[in-house]
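Here is final29.pdb, consisting of PDB, C-alpha atoms:
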```
MODEL        1
ATOM      1  CA  MET A 238      18.830  27.462  -4.045
ATOM      2  CA  GLN A 239      16.355  24.882  -5.335
ATOM      3  CA  LYS A 240      17.548  22.368  -2.738
ATOM      4  CA  ILE A 241      17.010  24.920   0.054
ATOM      5  CA  ASN A 242      13.510  25.659  -1.212
ATOM      6  CA  GLN A 243      12.660  21.962  -1.293
ATOM      7  CA  GLU A 244      13.884  21.541   2.288
ATOM      8  CA  GLN A 245      11.814  24.535   3.369
ATOM      9  CA  MET A 246       8.770  23.024   1.674
ATOM     10  CA  ARG A 247       9.336  19.707   3.447
ATOM     11  CA  GLN A 248       9.637  21.513   6.783
ATOM     12  CA  GLU A 249       6.381  23.332   6.106
ATOM     13  CA  GLU A 250       4.760  19.974   5.273
ATOM     14  CA  ARG A 251       6.002  18.589   8.613
ATOM     15  CA  ASN A 252       4.529  21.564  10.440
ATOM     16  CA  LEU A 253       1.195  20.874   8.760
ATOM     17  CA  LEU A 254       1.188  17.188   9.728
ATOM     18  CA  PRO A 255      -1.871  16.260  11.804
ATOM     19  CA  LYS A 256      -1.195  15.656  15.472
ATOM     20  CA  ARG A 257      -2.767  12.229  15.184
ATOM     21  CA  PRO A 258      -0.202   9.733  13.816
ATOM     22  CA  SER A 259      -1.250   8.134  10.539
ATOM     23  CA  LEU A 260      -1.886   4.404  10.251
ATOM     24  CA  THR A 261      -0.381   4.533   6.743
ATOM     25  CA  SER A 262       2.974   4.705   8.533
ATOM     26  CA  ASP A 263       3.998   1.065   8.851
ATOM     27  CA  TYR A 264       5.746   1.928  12.111
ATOM     28  CA  VAL A 265       2.564   3.416  13.624
ATOM     29  CA  PHE A 266       0.461   0.574  12.175
ATOM     30  CA  LYS A 267       2.611  -2.046  13.858
ATOM     31  CA  ARG A 268       2.904  -0.034  17.056
ATOM     32  CA  VAL A 269      -0.905  -0.064  17.324
ATOM     33  CA  PHE A 270      -1.868  -3.548  16.157
ATOM     34  CA  ALA A 271       1.038  -5.658  17.419
ATOM     35  CA  LYS A 272       0.246  -5.200  21.114
ATOM     36  CA  ASP A 273      -1.686  -7.980  22.876
ATOM     37  CA  GLU A 274      -3.927  -5.477  24.646
ATOM     38  CA  ASN A 275      -5.099  -4.244  21.223
ATOM     39  CA  ASN A 276      -6.117  -7.698  19.970
ATOM     40  CA  SER A 277      -9.809  -6.776  19.734
ATOM     41  CA  MET A 278      -8.936  -3.928  17.338
ATOM     42  CA  LEU A 279      -6.744  -6.164  15.187
ATOM     43  CA  LYS A 280      -9.401  -8.876  15.130
ATOM     44  CA  ASP A 281     -12.088  -6.427  14.029
ATOM     45  CA  PHE A 282      -9.787  -5.002  11.343
ATOM     46  CA  LEU A 283      -9.013  -8.465   9.917
ATOM     47  CA  GLU A 284     -12.688  -9.485  10.100
ATOM     48  CA  ALA A 285     -13.508  -6.452   7.955
ATOM     49  CA  ILE A 286     -11.013  -7.444   5.263
ATOM     50  CA  LEU A 287     -11.606 -11.207   5.291
ATOM     51  CA  ASP A 288     -15.384 -10.822   5.732
ATOM     52  CA  LYS A 289     -15.717 -13.538   8.367
ATOM     53  CA  LYS A 290     -15.879 -14.041  12.113
ATOM     54  CA  ILE A 291     -12.538 -14.458  13.884
ATOM     55  CA  ASN A 292     -12.226 -15.904  17.379
ATOM     56  CA  LYS A 293      -8.533 -15.550  18.165
ATOM     57  CA  VAL A 294      -5.522 -13.696  16.772
ATOM     58  CA  ILE A 295      -1.883 -14.106  17.789
ATOM     59  CA  VAL A 296       0.757 -11.676  16.514
ATOM     60  CA  LYS A 297       3.834 -13.730  15.632
ATOM     61  CA  ASN A 298       6.285 -10.824  15.250
ATOM     62  CA  PRO A 299       5.245  -8.089  17.711
ATOM     63  CA  GLU A 300       8.721  -6.635  18.185
ATOM     64  CA  ILE A 301      10.300  -3.773  16.248
ATOM     65  CA  PRO A 302      13.699  -5.112  15.045
ATOM     66  CA  LYS A 303      16.634  -3.474  16.835
ATOM     67  CA  SER A 304      18.478  -3.160  13.532
ATOM     68  CA  PHE A 305      15.481  -1.517  11.895
ATOM     69  CA  PHE A 306      16.729   2.048  12.329
ATOM     70  CA  ASP A 307      19.941   1.180  10.463
ATOM     71  CA  GLU A 308      18.065  -0.360   7.536
ATOM     72  CA  ARG A 309      16.995   2.130   4.883
ATOM     73  CA  MET A 310      13.209   1.860   4.781
ATOM     74  CA  GLY A 311      13.258  -1.744   6.036
ATOM     75  CA  ILE A 312      10.043  -3.735   5.915
ATOM     76  CA  LEU A 313       7.754  -3.611   8.941
ATOM     77  CA  ASP A 314       5.076  -6.208   8.348
ATOM     78  CA  LEU A 315       2.644  -7.782  10.779
ATOM     79  CA  LYS A 316       2.427 -11.572  10.858
ATOM     80  CA  VAL A 317      -0.687 -12.948  12.537
ATOM     81  CA  GLU A 318      -1.998 -16.440  13.263
ATOM     82  CA  VAL A 319      -5.795 -16.588  13.064
ATOM     83  CA  ASP A 320      -7.852 -19.263  14.833
ATOM     84  CA  GLY A 321      -4.930 -21.688  14.607
ATOM     85  CA  SER A 322      -5.645 -22.361  10.932
ATOM     86  CA  GLU A 323      -4.324 -19.351   8.993
ATOM     87  CA  ILE A 324      -1.126 -17.321   8.857
ATOM     88  CA  ILE A 325      -1.647 -13.759   7.654
ATOM     89  CA  ASP A 326       1.012 -11.263   6.640
ATOM     90  CA  VAL A 327      -0.178  -7.634   6.619
ATOM     91  CA  GLU A 328       2.016  -5.090   4.885
ATOM     92  CA  MET A 329       1.569  -1.357   4.418
ATOM     93  CA  GLN A 330       2.983  -0.035   1.131
ATOM     94  CA  ILE A 331       3.203   3.745   0.815
ATOM     95  CA  ARG A 332       5.251   3.975  -2.374
ATOM     96  CA  ASN A 333       4.815   2.147  -5.652
ATOM     97  CA  GLU A 334       7.918   0.142  -6.512
ATOM     98  CA  HIS A 335       6.078  -1.575  -9.392
ATOM     99  CA  ASN A 336       6.636  -5.067  -8.004
ATOM    100  CA  ILE A 337       3.780  -5.652  -5.593
ATOM    101  CA  GLY A 338       2.367  -8.641  -7.523
ATOM    102  CA  LYS A 339       5.607 -10.621  -7.496
ATOM    103  CA  ARG A 340       6.558  -9.377  -4.045
ATOM    104  CA  SER A 341       3.264 -10.531  -2.571
ATOM    105  CA  SER A 342       3.661 -13.933  -4.272
ATOM    106  CA  VAL A 343       7.103 -14.396  -2.696
ATOM    107  CA  TYR A 344       5.796 -13.475   0.776
ATOM    108  CA  LEU A 345       2.881 -15.872   0.375
ATOM    109  CA  SER A 346       5.153 -18.719  -0.717
ATOM    110  CA  LYS A 347       7.403 -18.143   2.301
ATOM    111  CA  ILE A 348       4.456 -18.183   4.687
ATOM    112  CA  VAL A 349       3.479 -21.638   3.462
ATOM    113  CA  ALA A 350       6.944 -23.128   2.929
ATOM    114  CA  GLU A 351       8.302 -22.070   6.330
ATOM    115  CA  GLN A 352       5.562 -23.975   8.149
ATOM    116  CA  LEU A 353       6.535 -27.440   6.998
ATOM    117  CA  LYS A 354       9.296 -29.116   8.957
ATOM    118  CA  THR A 355      11.042 -32.358   7.981
ATOM    119  CA  GLY A 356       8.773 -35.349   8.512
ATOM    120  CA  GLU A 357       5.559 -33.344   8.776
ATOM    121  CA  ARG A 358       2.566 -34.028   6.562
ATOM    122  CA  TYR A 359       1.286 -31.543   4.001
ATOM    123  CA  GLU A 360      -2.115 -31.673   5.687
ATOM    124  CA  SER A 361      -0.634 -29.716   8.628
ATOM    125  CA  VAL A 362       0.038 -26.635   6.482
ATOM    126  CA  LYS A 363      -2.058 -23.630   7.491
ATOM    127  CA  LYS A 364      -3.634 -21.348   4.919
ATOM    128  CA  GLY A 365      -1.414 -18.428   3.923
ATOM    129  CA  ILE A 366      -2.904 -14.979   3.338
ATOM    130  CA  VAL A 367      -1.098 -11.789   2.370
ATOM    131  CA  ILE A 368      -2.912  -8.466   2.842
ATOM    132  CA  ASN A 369      -1.362  -5.576   0.916
ATOM    133  CA  LEU A 370      -2.508  -2.108   1.982
ATOM    134  CA  LEU A 371      -1.495   0.175  -0.887
ATOM    135  CA  ASN A 372      -1.425   3.951  -0.713
ATOM    136  CA  PHE A 373      -1.355   4.090  -4.525
ATOM    137  CA  GLU A 374      -3.243   2.668  -7.497
ATOM    138  CA  TYR A 375      -1.651  -0.439  -8.996
ATOM    139  CA  PHE A 376      -3.950  -2.874 -10.832
ATOM    140  CA  LYS A 377      -6.070  -2.068 -13.883
ATOM    141  CA  ARG A 378      -9.172  -3.206 -12.034
ATOM    142  CA  ASN A 379     -12.404  -1.423 -11.167
ATOM    143  CA  SER A 380     -12.202  -2.396  -7.510
ATOM    144  CA  TYR A 381     -10.443  -0.973  -4.473
ATOM    145  CA  HIS A 382     -10.333  -4.424  -2.818
ATOM    146  CA  SER A 383      -9.088  -7.208  -5.106
ATOM    147  CA  ILE A 384      -8.782 -10.807  -3.907
ATOM    148  CA  ALA A 385      -6.588 -13.328  -5.737
ATOM    149  CA  ARG A 386      -6.698 -17.096  -5.299
ATOM    150  CA  MET A 387      -5.238 -20.032  -7.219
ATOM    151  CA  LYS A 388      -8.037 -20.719  -9.688
ATOM    152  CA  PHE A 389      -8.371 -23.094 -12.629
ATOM    153  CA  ASP A 390      -8.679 -21.696 -16.141
ATOM    154  CA  GLU A 391     -11.936 -22.379 -17.931
ATOM    155  CA  THR A 392     -12.033 -25.846 -19.511
ATOM    156  CA  LEU A 393     -11.266 -25.724 -23.236
ATOM    157  CA  GLN A 394     -13.602 -27.628 -25.523
ATOM    158  CA  GLU A 395     -10.763 -29.709 -27.042
ATOM    159  CA  LYS A 396      -9.770 -30.846 -23.544
ATOM    160  CA  TYR A 397     -13.284 -31.528 -22.290
ATOM    161  CA  VAL A 398     -14.039 -35.003 -20.900
ATOM    162  CA  ASP A 399     -17.579 -35.835 -19.813
ATOM    163  CA  MET A 400     -17.000 -37.026 -16.234
ATOM    164  CA  GLY A 401     -20.545 -36.243 -15.172
ATOM    165  CA  TYR A 402     -19.633 -33.199 -13.059
ATOM    166  CA  GLU A 403     -22.488 -30.711 -13.194
ATOM    167  CA  GLN A 404     -20.228 -28.074 -11.665
ATOM    168  CA  GLU A 405     -16.443 -28.150 -11.937
ATOM    169  CA  ASP A 406     -14.027 -27.203  -9.160
ATOM    170  CA  LYS A 407     -13.015 -23.545  -9.437
ATOM    171  CA  ILE A 408     -10.207 -23.403  -6.857
ATOM    172  CA  ALA A 409      -7.057 -25.531  -7.199
ATOM    173  CA  THR A 410      -6.098 -25.055  -3.535
ATOM    174  CA  ASP A 411      -7.325 -22.878  -0.689
ATOM    175  CA  VAL A 412      -3.832 -22.544   0.799
ATOM    176  CA  PHE A 413      -3.011 -19.326  -1.087
ATOM    177  CA  GLU A 414      -4.882 -16.028  -0.880
ATOM    178  CA  MET A 415      -3.818 -12.443  -1.608
ATOM    179  CA  HIS A 416      -5.661  -9.211  -0.860
ATOM    180  CA  PHE A 417      -4.835  -5.868  -2.468
ATOM    181  CA  ILE A 418      -6.535  -2.775  -1.043
ATOM    182  CA  GLU A 419      -5.845   0.382  -3.082
ATOM    183  CA  LEU A 420      -6.673   3.359  -0.860
ATOM    184  CA  PRO A 421      -6.825   6.031  -3.633
ATOM    185  CA  LYS A 422      -9.578   4.007  -5.362
ATOM    186  CA  PHE A 423     -11.451   3.746  -2.062
ATOM    187  CA  ILE A 424     -11.257   7.503  -1.586
ATOM    188  CA  LYS A 425     -12.436   8.057  -5.166
ATOM    189  CA  LYS A 426     -15.477   5.833  -4.557
ATOM    190  CA  ASN A 427     -16.214   7.847  -1.394
ATOM    191  CA  PRO A 428     -18.456   5.240   0.302
ATOM    192  CA  ALA A 429     -20.778   6.123   3.157
ATOM    193  CA  GLY A 430     -18.871   4.136   5.787
ATOM    194  CA  LYS A 431     -21.718   1.781   6.651
ATOM    195  CA  THR A 432     -19.791  -1.502   6.377
ATOM    196  CA  LYS A 433     -17.025  -2.538   8.731
ATOM    197  CA  LEU A 434     -14.456  -2.495   5.909
ATOM    198  CA  GLU A 435     -15.450   1.017   4.836
ATOM    199  CA  GLN A 436     -15.163   2.217   8.433
ATOM    200  CA  TRP A 437     -11.631   0.897   8.836
ATOM    201  CA  LEU A 438     -10.490   2.141   5.444
ATOM    202  CA  TRP A 439     -11.691   5.682   6.153
ATOM    203  CA  LEU A 440      -9.481   5.675   9.221
ATOM    204  CA  LEU A 441      -6.606   4.075   7.320
ATOM    205  CA  ALA A 442      -6.927   6.464   4.390
ATOM    206  CA  GLY A 443      -6.772   9.462   6.711
ATOM    207  CA  GLY A 444     -10.197  10.718   5.758
ATOM    208  CA  LYS A 445     -11.568  14.106   6.746
ATOM    209  CA  GLU A 446     -12.197  14.531  10.447
ATOM    210  CA  GLU A 447     -15.967  14.375  10.015
ATOM    211  CA  LYS A 448     -15.581  11.004   8.263
ATOM    212  CA  ILE A 449     -13.402   9.636  11.057
ATOM    213  CA  LYS A 450     -15.829  10.921  13.667
ATOM    214  CA  MET A 451     -18.714   9.287  11.819
ATOM    215  CA  VAL A 452     -17.066   5.852  11.497
ATOM    216  CA  SER A 453     -15.903   6.035  15.116
ATOM    217  CA  GLU A 454     -19.529   6.385  16.161
ATOM    218  CA  GLU A 455     -20.428   3.383  13.997
ATOM    219  CA  ASN A 456     -17.593   1.078  15.115
ATOM    220  CA  GLU A 457     -16.388   0.814  18.711
ATOM    221  CA  GLU A 458     -13.065  -0.792  17.716
ATOM    222  CA  VAL A 459     -12.315   2.000  15.223
ATOM    223  CA  LYS A 460     -13.117   4.474  17.998
ATOM    224  CA  LYS A 461     -10.592   2.721  20.270
ATOM    225  CA  VAL A 462      -7.861   3.089  17.634
ATOM    226  CA  VAL A 463      -8.668   6.771  17.099
ATOM    227  CA  GLU A 464      -8.459   7.397  20.839
ATOM    228  CA  LEU A 465      -5.230   5.419  21.002
ATOM    229  CA  LEU A 466      -3.694   7.401  18.151
ATOM    230  CA  ASP A 467      -4.762  10.689  19.747
ATOM    231  CA  LYS A 468      -2.895   9.903  22.942
ATOM    232  CA  LEU A 469      -0.124   7.748  21.491
ATOM    233  CA  GLY A 470       3.198   8.746  22.998
ATOM    234  CA  PHE A 471       6.594   8.165  21.476
ATOM    235  CA  SER A 472       9.956   7.997  23.160
ATOM    236  CA  ASP A 473      12.701  10.205  21.740
ATOM    237  CA  ASP A 474      14.130   7.277  19.760
ATOM    238  CA  GLU A 475      10.718   6.381  18.384
ATOM    239  CA  LYS A 476      10.076   9.967  17.326
ATOM    240  CA  VAL A 477      13.392  10.011  15.479
ATOM    241  CA  MET A 478      12.504   6.720  13.779
ATOM    242  CA  ARG A 479       9.074   7.925  12.725
ATOM    243  CA  GLU A 480      10.459  11.206  11.394
ATOM    244  CA  TYR A 481      13.258   9.310   9.636
ATOM    245  CA  ARG A 482      10.758   7.168   7.746
ATOM    246  CA  GLU A 483       8.590  10.166   6.894
ATOM    247  CA  LYS A 484      11.624  12.085   5.602
ATOM    248  CA  ALA A 485      12.721   9.061   3.555
ATOM    249  CA  GLU A 486       9.286   8.976   1.941
ATOM    250  CA  TRP A 487       9.389  12.697   1.161
ATOM    251  CA  ASP A 488      12.894  12.354  -0.295
ATOM    252  CA  TYR A 489      11.782   9.403  -2.405
ATOM    253  CA  ASN A 490       8.738  11.285  -3.688
ATOM    254  CA  ASP A 491      10.914  14.332  -4.472
ATOM    255  CA  ALA A 492      13.348  12.152  -6.408
ATOM    256  CA  MET A 493      10.550  10.432  -8.350
ATOM    257  CA  ALA A 494       8.926  13.781  -9.175
ATOM    258  CA  TYR A 495      12.276  15.120 -10.419
ATOM    259  CA  LEU A 496      12.836  12.060 -12.619
ATOM    260  CA  ARG A 497       9.317  12.322 -14.045
ATOM    261  CA  GLU A 498       9.815  16.015 -14.793
ATOM    262  CA  LYS A 499      13.197  15.314 -16.379
ATOM    263  CA  ALA A 500      11.762  12.545 -18.551
ATOM    264  CA  GLN A 501       8.837  14.746 -19.593
ATOM    265  CA  LYS A 502      11.208  17.605 -20.444
ATOM    266  CA  GLU A 503      13.313  15.297 -22.608
ATOM    267  CA  THR A 504      10.184  14.067 -24.380
ATOM    268  CA  ASN A 505       9.055  17.648 -24.978
ATOM    269  CA  LEU A 506      12.442  18.559 -26.414
ATOM    270  CA  GLN A 507      12.424  15.566 -28.761
ATOM    271  CA  ASN A 508       8.897  16.386 -29.927
ATOM    272  CA  ALA A 509       9.826  20.037 -30.430
ATOM    273  CA  LYS A 510      12.847  19.028 -32.508
ATOM    274  CA  LYS A 511      10.655  16.891 -34.787
ATOM    275  CA  MET A 512       8.177  19.724 -35.175
ATOM    276  CA  LEU A 513      10.963  22.168 -36.032
ATOM    277  CA  ASP A 514      12.124  19.743 -38.705
ATOM    278  CA  GLU A 515       8.557  19.795 -40.079
ATOM    279  CA  ASN A 516       8.596  23.637 -40.106
ATOM    280  CA  ILE A 517       5.683  23.886 -37.673
ATOM    281  CA  ALA A 518       5.113  27.384 -36.281
ATOM    282  CA  GLU A 519       7.076  28.142 -33.128
ATOM    283  CA  GLU A 520       3.973  29.395 -31.290
ATOM    284  CA  THR A 521       2.300  26.046 -31.948
ATOM    285  CA  ILE A 522       5.364  24.128 -30.778
ATOM    286  CA  MET A 523       5.538  26.100 -27.536
ATOM    287  CA  LYS A 524       1.821  25.601 -26.936
ATOM    288  CA  ILE A 525       2.005  21.823 -27.472
ATOM    289  CA  THR A 526       5.279  21.133 -25.632
ATOM    290  CA  GLY A 527       5.158  23.784 -22.924
ATOM    291  CA  LEU A 528       8.666  24.950 -23.821
ATOM    292  CA  SER A 529       9.567  28.581 -23.278
ATOM    293  CA  LYS A 530      10.784  30.904 -26.041
ATOM    294  CA  GLU A 531      14.319  30.729 -24.597
ATOM    295  CA  GLU A 532      14.288  26.909 -24.503
ATOM    296  CA  LEU A 533      13.077  26.736 -28.077
ATOM    297  CA  GLU A 534      15.779  29.173 -29.243
ATOM    298  CA  GLU A 535      18.439  27.084 -27.498
ATOM    299  CA  LEU A 536      17.085  23.951 -29.162
ATOM    300  CA  LYS A 537      17.229  25.609 -32.596
ATOM    301  CA  LYS A 538      20.962  26.286 -32.044
ATOM    302  CA  GLN A 539      21.526  22.555 -31.496
ATOM    303  CA  CYS A 540      19.658  21.483 -34.622
TER     304      CYS A 540
ENDMDL
END
```

Translate the structure described by the file into C-alpha cells.
Amino acid sequence: MQKINQEQMRQEERNLLPKRPSLTSDYVFKRVFAKDENNSMLKDFLEAILDKKINKVIVKNPEIPKSFFDERMGILDLKVEVDGSEIIDVEMQIRNEHNIGKRSSVYLSKIVAEQLKTGERYESVKKGIVINLLNFEYFKRNSYHSIARMKFDETLQEKYVDMGYEQEDKIATDVFEMHFIELPKFIKKNPAGKTKLEQWLWLLAGGKEEKIKMVSEENEEVKKVVELLDKLGFSDDEKVMREYREKAEWDYNDAMAYLREKAQKETNLQNAKKMLDENIAEETIMKITGLSKEELEELKKQC
C-alpha cells in the first residue's frame, strides 16, 4: 500500500513538472550547451563563472554516449577547450554522494595527465579547470561559489629564510583550478540578479518565473537559453531517457529519505529505552522522541 502511494505521489510530481526542461538535468544541460550553434550561450555562461573574457570555446565531447541509456545514472559531463589554453570539465551534480571533493580532484588530475603524450614538454600542458554545479549544500563555507587552487601554506617562523622577497608566491601552480557552485546557498542569498553569474544561476536554479523573466531581460544569452528550453523538442527515445533519469533521481531520494527515517526511528527507540531505564515519565519520553503510545508500550515489552 505504501509503495502504491509513493508511486502515485511521484506521478503527481511528474504532472506538476514545469513544461520548460530544467538545466539541472545533466541531459538537458548537455543537450543545450554542447551544440556548436549555441556556443555564444556557453561562452557567456563560462565567462560568468570564470569572471573573464573568453574568445573561443570548443566542446570536446558533444555527443551523448550510445551506451548511456544502459548505464544507471551514468555521468554526462561537458568538456570544453577555452581559447586554446584551458580544458574545462563542467559537471552537474543533483544528488550528494559525499565525495565531490575527491571526485573533482580525480577529474582534474585526468584532465591534465591525459594531455601529455610521450616526448612532449610539460610546458605544453593546458590549464585544467573543473566546474561542479551542485544542487545541494556540501562545504562548510559561507559562499555559494567557492574556488580552490593549489596554494602554499603560510611560511612558519622556524622555516623562514630571509631571501629578500617582500611578497611571497601564493600559488604553487596555475594548472589546477576547481569551482564549486552550491545552488541552495545561492537561493538562500536571493541576490538581485544584476551580475552575469547571478543571472545564469537564477536560470540554473529554476527560480520563480518573475526572476527568470527579469534576468532574461538583463542578459541576451540567458534569454536565448530560456527561449531554447521553451521550444526544445525531444524524440521519443530522448523523452524516455530524460524521464528515466528523473525517475532514478526520485527513487534515489525516496530511498535516502527512508534510510534517514529508519535511522532516526532507531535513534529515538534507543533514547527512549535509556529514558525508561532512568524512570523518566512516559509523557516526557513520547514528547522528546516522537514515539507513539503503542510504540512505547511495545518497547517496554522488549526491555

Selection result for the PyMOL selection byres ((chain A and resi 379) around 12) on this file, as a PyMOL selection string: chain A and resi 374-378+380-383+418-419+421-423+425-426

d(CA of Arg257 in chain A, CA of Ile337 in chain A) in Å: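 Computing the Euclidean distance for CA of Arg257 in chain A and CA of Ile337 in chain A yields 28.2 Å.
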
Selection dump of the PyMOL selection byres ((chain A and resi 427-443) around 7), as a list in words: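 Taken on the displayed file, the PyMOL selection byres ((chain A and resi 427-443) around 7) yields the residues Ser259, Leu260, Thr261, Phe282, Ala285, Ile286, Leu420, Phe423, Ile424, Lys425, Lys426, Gly444, Lys445, Lys448, Ile449, Val452 and Val459 of chain A.
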
Nearest-residue call for Ile325 in chain A, choices A:Ser361, A:Asn369, A:Ser262, A:Asn516, using all atoms listed in the file: A:Asn369

Atom-to-atom span, CA of Arg268 in chain A and CA of Pro299 in chain A, Å: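 CA of Arg268 in chain A sits 8.4 Å away from CA of Pro299 in chain A.
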
Chain and number of each residue from the PyMOL selection byres ((chain A and resi 276-280) around 10), as a PyMOL selection string: chain A and resi 269-275+281-285+290-296+317+319+457-462

What's around range 505-513 of chain A at 7 Å? Count only C-alpha atoms, leave out sequence neighbours fewer than 4 positions away in its own chain, and write the answer as a PDB file with C-alpha atoms, in the coordinates of the input.
```
ATOM      1  CA  GLN A 501       8.837  14.746 -19.593  1.00  0.00           C
ATOM      2  CA  ILE A 517       5.683  23.886 -37.673  1.00  0.00           C
ATOM      3  CA  ILE A 522       5.364  24.128 -30.778  1.00  0.00           C
ATOM      4  CA  THR A 526       5.279  21.133 -25.632  1.00  0.00           C
TER       5      THR A 526
END
```

Atomic distance CA of Ile331 in chain A - CA of Tyr344 in chain A, expressed in Å with one decimal: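 According to the coordinates, CA of Ile331 in chain A and CA of Tyr344 in chain A are separated by 17.4 Å.
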